[in-house]
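Engineer: Have a look at this one.
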Amino acid sequence: MRNFRDWISRQRYTVLVNTWKREDLLKKSVAHYASCKGVDAFRVVWSEPEPPSDELHLSLLETIARRQRRGSRAPELHFDVNLEDNLNNRFKPITGLNTDAVFSVDDDVLVSCDTMEFAFNVWLSARDSMVGFVPRMHWLQSKGQTPTYRYGGWWSVWWTGSYSMVLSKIAFFHSKYLELYTYQMPQSIRSYVANERNCEDIAMSFLVANVTKAPPIWVKGRVVEIGSSGISSLTGHSHRRSRCLNHFVTLFEGMPLVPSSVKAVNSKREWFW
């Protein structure tokens, strides 16, 4: 039995779904990822005033059962219910986790199973790294005695080919970072995230980079967003993210993020590589 559990921990991953009052999107997300062969379990991060209904829980379990290939074990599904709405909830440690790998994803983001399998294999080759599909960059704005930084969105990454973060809205990382985020990262950072209702993904990127002293890995893959526009579409979003960067630099006593221009591409699916 222990050998089987060790195999599970190395060869499969847990899908950690963050959701908020979008049961229709949650159902679509679970239905899609249930068909991916590497999934060991689903953990749904629930931070709503009312707990999930029995009807919702049952409908998701039935979705998983329907989507399973013949003869394979259906993934387990658990709701991790939180008493308050807090962005830090998505990185709480998970009791009973069987896998080392966590696939963190928002309920409104989909990527194909083939692409996920490729990304998971990339992660297996660099198990301490964050491996994801949505890259972002930090840019030095002024040097001075206290350097300041500017948050770079997708277009700056596209234009320069450089990135230093992959967003946790759709990324693989090691489950140990859930413990580090909750218990070892400065409480002041988690408090900032809770108060600002933003930047938990930047905080996780800082944490991983501070541990690894290395960049994340950007995987090429088509990401489909099935929900409405999120906070990134709001006025002042980049400015708020830049404030997060500079605040976290102060708390970390330096800039841990490491730029990279490396992109993981599946050569079996590319004509030009």
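In the structure tokens, chains take the letters A, B, ... in the order shown, each chain's residues start at 1, and ligands count up from 1 in the order shown.
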Compile the contact shell of Arg241 (chain A) as a ChimeraX atom specification: residues with an atom at most 10 Å away, counting only C-alpha atoms, same-chain residues fewer than 6 positions apart removed.
Structural biologist: /A:138,150-153,198-199,202,232,247
Engineer: Please produce a file of those selected residues containing N, CA and C atoms, as a short mmCIF file (atom, residue, chain, number, x, y, z; two decimals), in the first residue's frame.
Structural biologist:
data_model
loop_
_atom_site.label_atom_id
_atom_site.label_comp_id
_atom_site.auth_asym_id
_atom_site.auth_seq_id
_atom_site.Cartn_x
_atom_site.Cartn_y
_atom_site.Cartn_z
N HIS A 138 8.26 41.78 -13.45
CA HIS A 138 8.52 42.97 -12.66
C HIS A 138 9.60 43.79 -13.38
N ARG A 150 7.85 48.21 -11.19
CA ARG A 150 6.56 48.32 -11.86
C ARG A 150 6.11 46.95 -12.31
N TYR A 151 4.83 46.67 -12.13
CA TYR A 151 4.25 45.39 -12.54
C TYR A 151 4.04 45.38 -14.04
N GLY A 152 4.50 44.33 -14.71
CA GLY A 152 4.34 44.19 -16.14
C GLY A 152 3.33 43.12 -16.49
N GLY A 153 2.27 43.50 -17.19
CA GLY A 153 1.25 42.56 -17.60
C GLY A 153 1.64 41.77 -18.84
N ASN A 198 -6.13 41.43 -3.09
CA ASN A 198 -5.35 41.36 -4.32
C ASN A 198 -3.96 40.81 -3.98
N CYS A 199 -3.27 40.33 -5.01
CA CYS A 199 -1.83 40.06 -4.96
C CYS A 199 -1.41 38.80 -4.21
N ILE A 202 1.12 37.15 -6.43
CA ILE A 202 2.45 37.75 -6.37
C ILE A 202 3.16 37.31 -5.11
N SER A 232 -8.49 42.03 -13.10
CA SER A 232 -7.44 42.54 -13.97
C SER A 232 -7.96 43.54 -14.98
N HIS A 247 5.72 46.86 -1.88
CA HIS A 247 5.48 46.55 -0.47
C HIS A 247 6.12 45.21 -0.10
#
Engineer: Might you pull out every residue within 10 Å of Asn266 (chain A), with only C-alpha atoms counted and same-chain residues fewer than 3 positions away left off, and present them as a ChimeraX atom specification?
Structural biologist: /A:115,118-119,122,219-221,263,269-270,273
Engineer: Mind the document's chain letters and residue numbers, and return as number ranges by chain the residues of region 63-176 of chain A that DSSP labels strand (DSSP E or B).
Structural biologist: A: 76-81, 101-106, 109-111, 131-132, 135-142, 148-152, 163, 165-166, 170-174
Engineer: Kindly indicate which residue among A:Met130, A:Val15, A:Leu167, A:Met137 lies nearest to Ala209 (chain A), using only C-alpha atoms for the distances.
Structural biologist: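 The closest residue to Ala209 (chain A) is A:Met130.
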Engineer: Report as number ranges by chain all protein, DNA and RNA residues lying within 9 Å of Ser205 (chain A), evaluated on only C-alpha atoms, omitting residues in the same chain fewer than 3 positions from it.
Structural biologist: A: 130, 164-168, 200-202, 208-210, 216, 256-257
Engineer: Keeping all heavy atoms, export the residues of the selection given above as an mmCIF file, in the first residue's frame.
Structural biologist:
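This went into result.cif:
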data_model
loop_
_atom_site.group_PDB
_atom_site.id
_atom_site.type_symbol
_atom_site.label_atom_id
_atom_site.label_comp_id
_atom_site.auth_asym_id
_atom_site.auth_seq_id
_atom_site.Cartn_x
_atom_site.Cartn_y
_atom_site.Cartn_z
ATOM 1 N N MET A 130 7.573 26.841 -9.763
ATOM 2 C CA MET A 130 6.214 27.055 -10.226
ATOM 3 C C MET A 130 6.206 26.914 -11.734
ATOM 4 O O MET A 130 7.081 27.460 -12.427
ATOM 5 C CB MET A 130 5.698 28.441 -9.835
ATOM 6 C CG MET A 130 5.273 28.551 -8.393
ATOM 7 S SD MET A 130 4.457 30.140 -8.034
ATOM 8 C CE MET A 130 2.863 29.900 -8.817
ATOM 9 N N SER A 164 8.978 36.928 -14.870
ATOM 10 C CA SER A 164 9.567 36.527 -13.584
ATOM 11 C C SER A 164 8.533 35.877 -12.669
ATOM 12 O O SER A 164 8.872 35.478 -11.554
ATOM 13 C CB SER A 164 10.173 37.744 -12.875
ATOM 14 O OG SER A 164 9.198 38.759 -12.690
ATOM 15 N N MET A 165 7.287 35.806 -13.137
ATOM 16 C CA MET A 165 6.210 35.185 -12.366
ATOM 17 C C MET A 165 5.322 34.390 -13.312
ATOM 18 O O MET A 165 5.213 34.721 -14.487
ATOM 19 C CB MET A 165 5.338 36.255 -11.679
ATOM 20 C CG MET A 165 6.034 37.098 -10.651
ATOM 21 S SD MET A 165 4.977 38.495 -10.099
ATOM 22 C CE MET A 165 5.411 39.738 -11.332
ATOM 23 N N VAL A 166 4.697 33.333 -12.797
ATOM 24 C CA VAL A 166 3.559 32.708 -13.473
ATOM 25 C C VAL A 166 2.410 32.732 -12.470
ATOM 26 O O VAL A 166 2.581 32.388 -11.304
ATOM 27 C CB VAL A 166 3.850 31.265 -13.959
ATOM 28 C CG1 VAL A 166 4.851 31.285 -15.096
ATOM 29 C CG2 VAL A 166 4.329 30.371 -12.828
ATOM 30 N N LEU A 167 1.262 33.196 -12.913
ATOM 31 C CA LEU A 167 0.165 33.419 -11.987
ATOM 32 C C LEU A 167 -0.433 32.101 -11.489
ATOM 33 O O LEU A 167 -0.599 31.153 -12.248
ATOM 34 C CB LEU A 167 -0.917 34.267 -12.647
ATOM 35 C CG LEU A 167 -0.488 35.653 -13.126
ATOM 36 C CD1 LEU A 167 -1.693 36.444 -13.581
ATOM 37 C CD2 LEU A 167 0.280 36.413 -12.043
ATOM 38 N N SER A 168 -0.802 32.099 -10.222
ATOM 39 C CA SER A 168 -1.336 30.886 -9.588
ATOM 40 C C SER A 168 -2.772 30.603 -9.986
ATOM 41 O O SER A 168 -3.341 29.624 -9.520
ATOM 42 C CB SER A 168 -1.238 31.008 -8.064
ATOM 43 O OG SER A 168 -1.908 32.173 -7.613
ATOM 44 N N GLU A 200 -2.350 37.899 -3.895
ATOM 45 C CA GLU A 200 -1.933 36.637 -3.288
ATOM 46 C C GLU A 200 -1.041 35.839 -4.226
ATOM 47 O O GLU A 200 -0.137 35.104 -3.788
ATOM 48 C CB GLU A 200 -3.152 35.817 -2.850
ATOM 49 C CG GLU A 200 -3.839 34.999 -3.936
ATOM 50 C CD GLU A 200 -4.645 35.810 -4.932
ATOM 51 O OE1 GLU A 200 -4.756 37.038 -4.777
ATOM 52 O OE2 GLU A 200 -5.165 35.190 -5.874
ATOM 53 N N ASP A 201 -1.259 35.977 -5.546
ATOM 54 C CA ASP A 201 -0.430 35.266 -6.516
ATOM 55 C C ASP A 201 0.982 35.833 -6.566
ATOM 56 O O ASP A 201 1.959 35.090 -6.716
ATOM 57 C CB ASP A 201 -1.085 35.302 -7.903
ATOM 58 C CG ASP A 201 -1.553 36.692 -8.313
ATOM 59 O OD1 ASP A 201 -1.391 37.654 -7.527
ATOM 60 O OD2 ASP A 201 -2.091 36.824 -9.424
ATOM 61 N N ILE A 202 1.118 37.153 -6.430
ATOM 62 C CA ILE A 202 2.452 37.754 -6.372
ATOM 63 C C ILE A 202 3.164 37.309 -5.106
ATOM 64 O O ILE A 202 4.371 37.001 -5.127
ATOM 65 C CB ILE A 202 2.354 39.291 -6.433
ATOM 66 C CG1 ILE A 202 1.758 39.739 -7.779
ATOM 67 C CG2 ILE A 202 3.720 39.932 -6.220
ATOM 68 C CD1 ILE A 202 1.596 41.241 -7.914
ATOM 69 N N VAL A 208 8.098 31.399 -3.536
ATOM 70 C CA VAL A 208 8.787 30.330 -4.265
ATOM 71 C C VAL A 208 10.150 30.801 -4.741
ATOM 72 O O VAL A 208 11.154 30.078 -4.631
ATOM 73 C CB VAL A 208 7.924 29.841 -5.447
ATOM 74 C CG1 VAL A 208 8.675 28.797 -6.261
ATOM 75 C CG2 VAL A 208 6.606 29.260 -4.943
ATOM 76 N N ALA A 209 10.220 32.011 -5.284
ATOM 77 C CA ALA A 209 11.504 32.528 -5.756
ATOM 78 C C ALA A 209 12.493 32.694 -4.609
ATOM 79 O O ALA A 209 13.699 32.468 -4.767
ATOM 80 C CB ALA A 209 11.298 33.865 -6.465
ATOM 81 N N ASN A 210 11.987 33.068 -3.438
ATOM 82 C CA ASN A 210 12.859 33.233 -2.280
ATOM 83 C C ASN A 210 13.450 31.902 -1.836
ATOM 84 O O ASN A 210 14.583 31.843 -1.350
ATOM 85 C CB ASN A 210 12.072 33.859 -1.128
ATOM 86 C CG ASN A 210 12.950 34.403 -0.035
ATOM 87 O OD1 ASN A 210 13.858 35.194 -0.266
ATOM 88 N ND2 ASN A 210 12.689 33.982 1.201
ATOM 89 N N PRO A 216 10.439 30.942 -12.356
ATOM 90 C CA PRO A 216 9.428 29.925 -12.648
ATOM 91 C C PRO A 216 9.602 29.435 -14.080
ATOM 92 O O PRO A 216 10.544 29.852 -14.768
ATOM 93 C CB PRO A 216 8.115 30.695 -12.479
ATOM 94 C CG PRO A 216 8.473 32.100 -12.865
ATOM 95 C CD PRO A 216 9.888 32.313 -12.407
ATOM 96 N N PRO A 256 13.234 39.034 -4.642
ATOM 97 C CA PRO A 256 13.619 37.641 -4.904
ATOM 98 C C PRO A 256 13.311 37.163 -6.319
ATOM 99 O O PRO A 256 13.857 36.147 -6.757
ATOM 100 C CB PRO A 256 12.788 36.855 -3.886
ATOM 101 C CG PRO A 256 11.545 37.674 -3.731
ATOM 102 C CD PRO A 256 11.978 39.116 -3.873
ATOM 103 N N LEU A 257 12.415 37.866 -7.038
ATOM 104 C CA LEU A 257 11.988 37.390 -8.357
ATOM 105 C C LEU A 257 13.162 37.380 -9.337
ATOM 106 O O LEU A 257 13.953 38.326 -9.388
ATOM 107 C CB LEU A 257 10.862 38.267 -8.903
ATOM 108 C CG LEU A 257 9.566 38.299 -8.093
ATOM 109 C CD1 LEU A 257 8.579 39.273 -8.731
ATOM 110 C CD2 LEU A 257 8.956 36.910 -7.985
#
Engineer: Considering only C-alpha atoms, return as a PyMOL selection string whatever protein or nucleic-acid residues lie within 9 Å of Asn88 (chain A), sequence-local ones (same chain, fewer than 2 positions apart) excluded.
Structural biologist: chain A and resi 85-86+90-92+181-182+190-191+193-194+200
Engineer: What gap, in Å, lies between CA of Val81 (chain A) and CA of Glu50 (chain A)?
Structural biologist: 9.4 Å
Engineer: Measuring between only C-alpha atoms, which one of A:Ser175, A:Thr160, A:Ser238, A:Gln141 shows the shortest distance to Ser261 (chain A)?
Structural biologist: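 Once distances to Ser261 (chain A) are computed over only C-alpha atoms, the minimum belongs to A:Thr160.
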Engineer: Determine, counting only C-alpha atoms, which protein, DNA and RNA residues have an atom within 12 Å of an atom of Leu178 (chain A); residues of the same chain fewer than 5 positions away are not included. Present the result as a list in words.
Structural biologist: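 The contact residues come out as Leu16, Asn88, Asn89, Arg90, Phe91, Lys92, Pro93, Ile94, Thr95, Leu97, Asp100, Ala101, Val102, Ser104, Phe173, Tyr183, Gln184, Met185, Ala203, Met204, Leu207 and Val208 of chain A.
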Engineer: Restrict the selected residues to C-alpha atoms and save them as an mmCIF file, in the first residue's frame.
Structural biologist:
data_model
loop_
_atom_site.group_PDB
_atom_site.id
_atom_site.type_symbol
_atom_site.label_atom_id
_atom_site.label_comp_id
_atom_site.auth_asym_id
_atom_site.auth_seq_id
_atom_site.Cartn_x
_atom_site.Cartn_y
_atom_site.Cartn_z
ATOM 1 C CA LEU A 16 -7.034 22.937 -6.220
ATOM 2 C CA ASN A 88 -5.182 33.668 1.471
ATOM 3 C CA ASN A 89 -7.647 30.761 1.756
ATOM 4 C CA ARG A 90 -6.530 29.405 -1.604
ATOM 5 C CA PHE A 91 -3.102 28.645 -0.161
ATOM 6 C CA LYS A 92 -4.080 27.030 3.115
ATOM 7 C CA PRO A 93 -2.448 23.647 3.826
ATOM 8 C CA ILE A 94 -4.594 20.668 2.845
ATOM 9 C CA THR A 95 -5.219 17.822 5.265
ATOM 10 C CA LEU A 97 -3.331 15.422 0.509
ATOM 11 C CA ASP A 100 3.252 16.362 -3.960
ATOM 12 C CA ALA A 101 1.983 18.322 -6.960
ATOM 13 C CA VAL A 102 -0.857 20.829 -6.742
ATOM 14 C CA SER A 104 -3.915 25.620 -8.657
ATOM 15 C CA PHE A 173 3.623 23.939 -7.607
ATOM 16 C CA TYR A 183 3.035 29.383 8.554
ATOM 17 C CA GLN A 184 6.437 30.765 7.551
ATOM 18 C CA MET A 185 5.812 33.705 5.245
ATOM 19 C CA ALA A 203 3.035 36.787 -2.736
ATOM 20 C CA MET A 204 3.251 33.112 -3.720
ATOM 21 C CA LEU A 207 7.780 32.938 -1.667
ATOM 22 C CA VAL A 208 8.787 30.330 -4.265
#
Engineer: Val39 (chain A): which residues within 6 Å, counting only C-alpha atoms, same-chain residues fewer than 2 positions away excluded, as a list of chain:residue names?
Structural biologist: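 The neighbour list is A:Arg12, A:Tyr13, A:Thr14, A:Lys37, A:Ala41.
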Engineer: Would you save the residues from that selection as an mmCIF file, in the first residue's frame, using N, CA, C and O atoms?
Structural biologist:
data_model
loop_
_atom_site.group_PDB
_atom_site.id
_atom_site.type_symbol
_atom_site.label_atom_id
_atom_site.label_comp_id
_atom_site.auth_asym_id
_atom_site.auth_seq_id
_atom_site.Cartn_x
_atom_site.Cartn_y
_atom_site.Cartn_z
ATOM 1 N N ARG A 12 0.775 11.659 -9.926
ATOM 2 C CA ARG A 12 -0.528 12.294 -10.075
ATOM 3 C C ARG A 12 -0.522 13.633 -9.344
ATOM 4 O O ARG A 12 0.440 13.975 -8.652
ATOM 5 N N TYR A 13 -1.587 14.393 -9.497
ATOM 6 C CA TYR A 13 -1.635 15.716 -8.887
ATOM 7 C C TYR A 13 -3.050 16.015 -8.399
ATOM 8 O O TYR A 13 -4.030 15.402 -8.826
ATOM 9 N N THR A 14 -3.122 16.963 -7.486
ATOM 10 C CA THR A 14 -4.397 17.410 -6.933
ATOM 11 C C THR A 14 -4.795 18.723 -7.597
ATOM 12 O O THR A 14 -3.978 19.640 -7.704
ATOM 13 N N LYS A 37 -6.211 12.469 -17.060
ATOM 14 C CA LYS A 37 -5.809 11.212 -16.423
ATOM 15 C C LYS A 37 -4.887 11.376 -15.225
ATOM 16 O O LYS A 37 -4.770 10.466 -14.404
ATOM 17 N N ALA A 41 -7.249 13.990 -7.174
ATOM 18 C CA ALA A 41 -8.347 14.484 -6.339
ATOM 19 C C ALA A 41 -8.629 15.938 -6.679
ATOM 20 O O ALA A 41 -7.799 16.634 -7.265
#
Engineer: Using only C-alpha atoms, can you tell me which of A:Leu140, A:Leu245, A:Ala214, A:Tyr177 comes closest to Ile189 (chain A)?
Structural biologist: A:Leu245
Engineer: Run DSSP on the backbone and grab whatever in region 58-241 of chain A lands in alpha helix (DSSP H); send it over as an MDAnalysis selection string.
Structural biologist: chainID A and resid 58:67 113:124 154:160 176:179 187:196 200:212 237:241
Engineer: Restricting the calculation to only C-alpha atoms: of A:Ala31, A:Val111, A:Leu87, A:Val131, which residue gets closest to Val45 (chain A)?
Structural biologist: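 Closest residue, counting only C-alpha atoms: A:Leu87.
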Engineer: Grab the CA of Asn98 (chain A) to CA of Arg10 (chain A) distance for me, in Å with one decimal place.
Structural biologist: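 Going from CA of Asn98 (chain A) over to CA of Arg10 (chain A) covers 9.4 Å.
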Engineer: Counting only C-alpha atoms, which residue out of A:Val262, A:Tyr149, A:Thr19, A:Trp154 sits closest to Asn246 (chain A)?
Structural biologist: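 Checking each candidate against Asn246 (chain A), we get A:Tyr149 as the closest.
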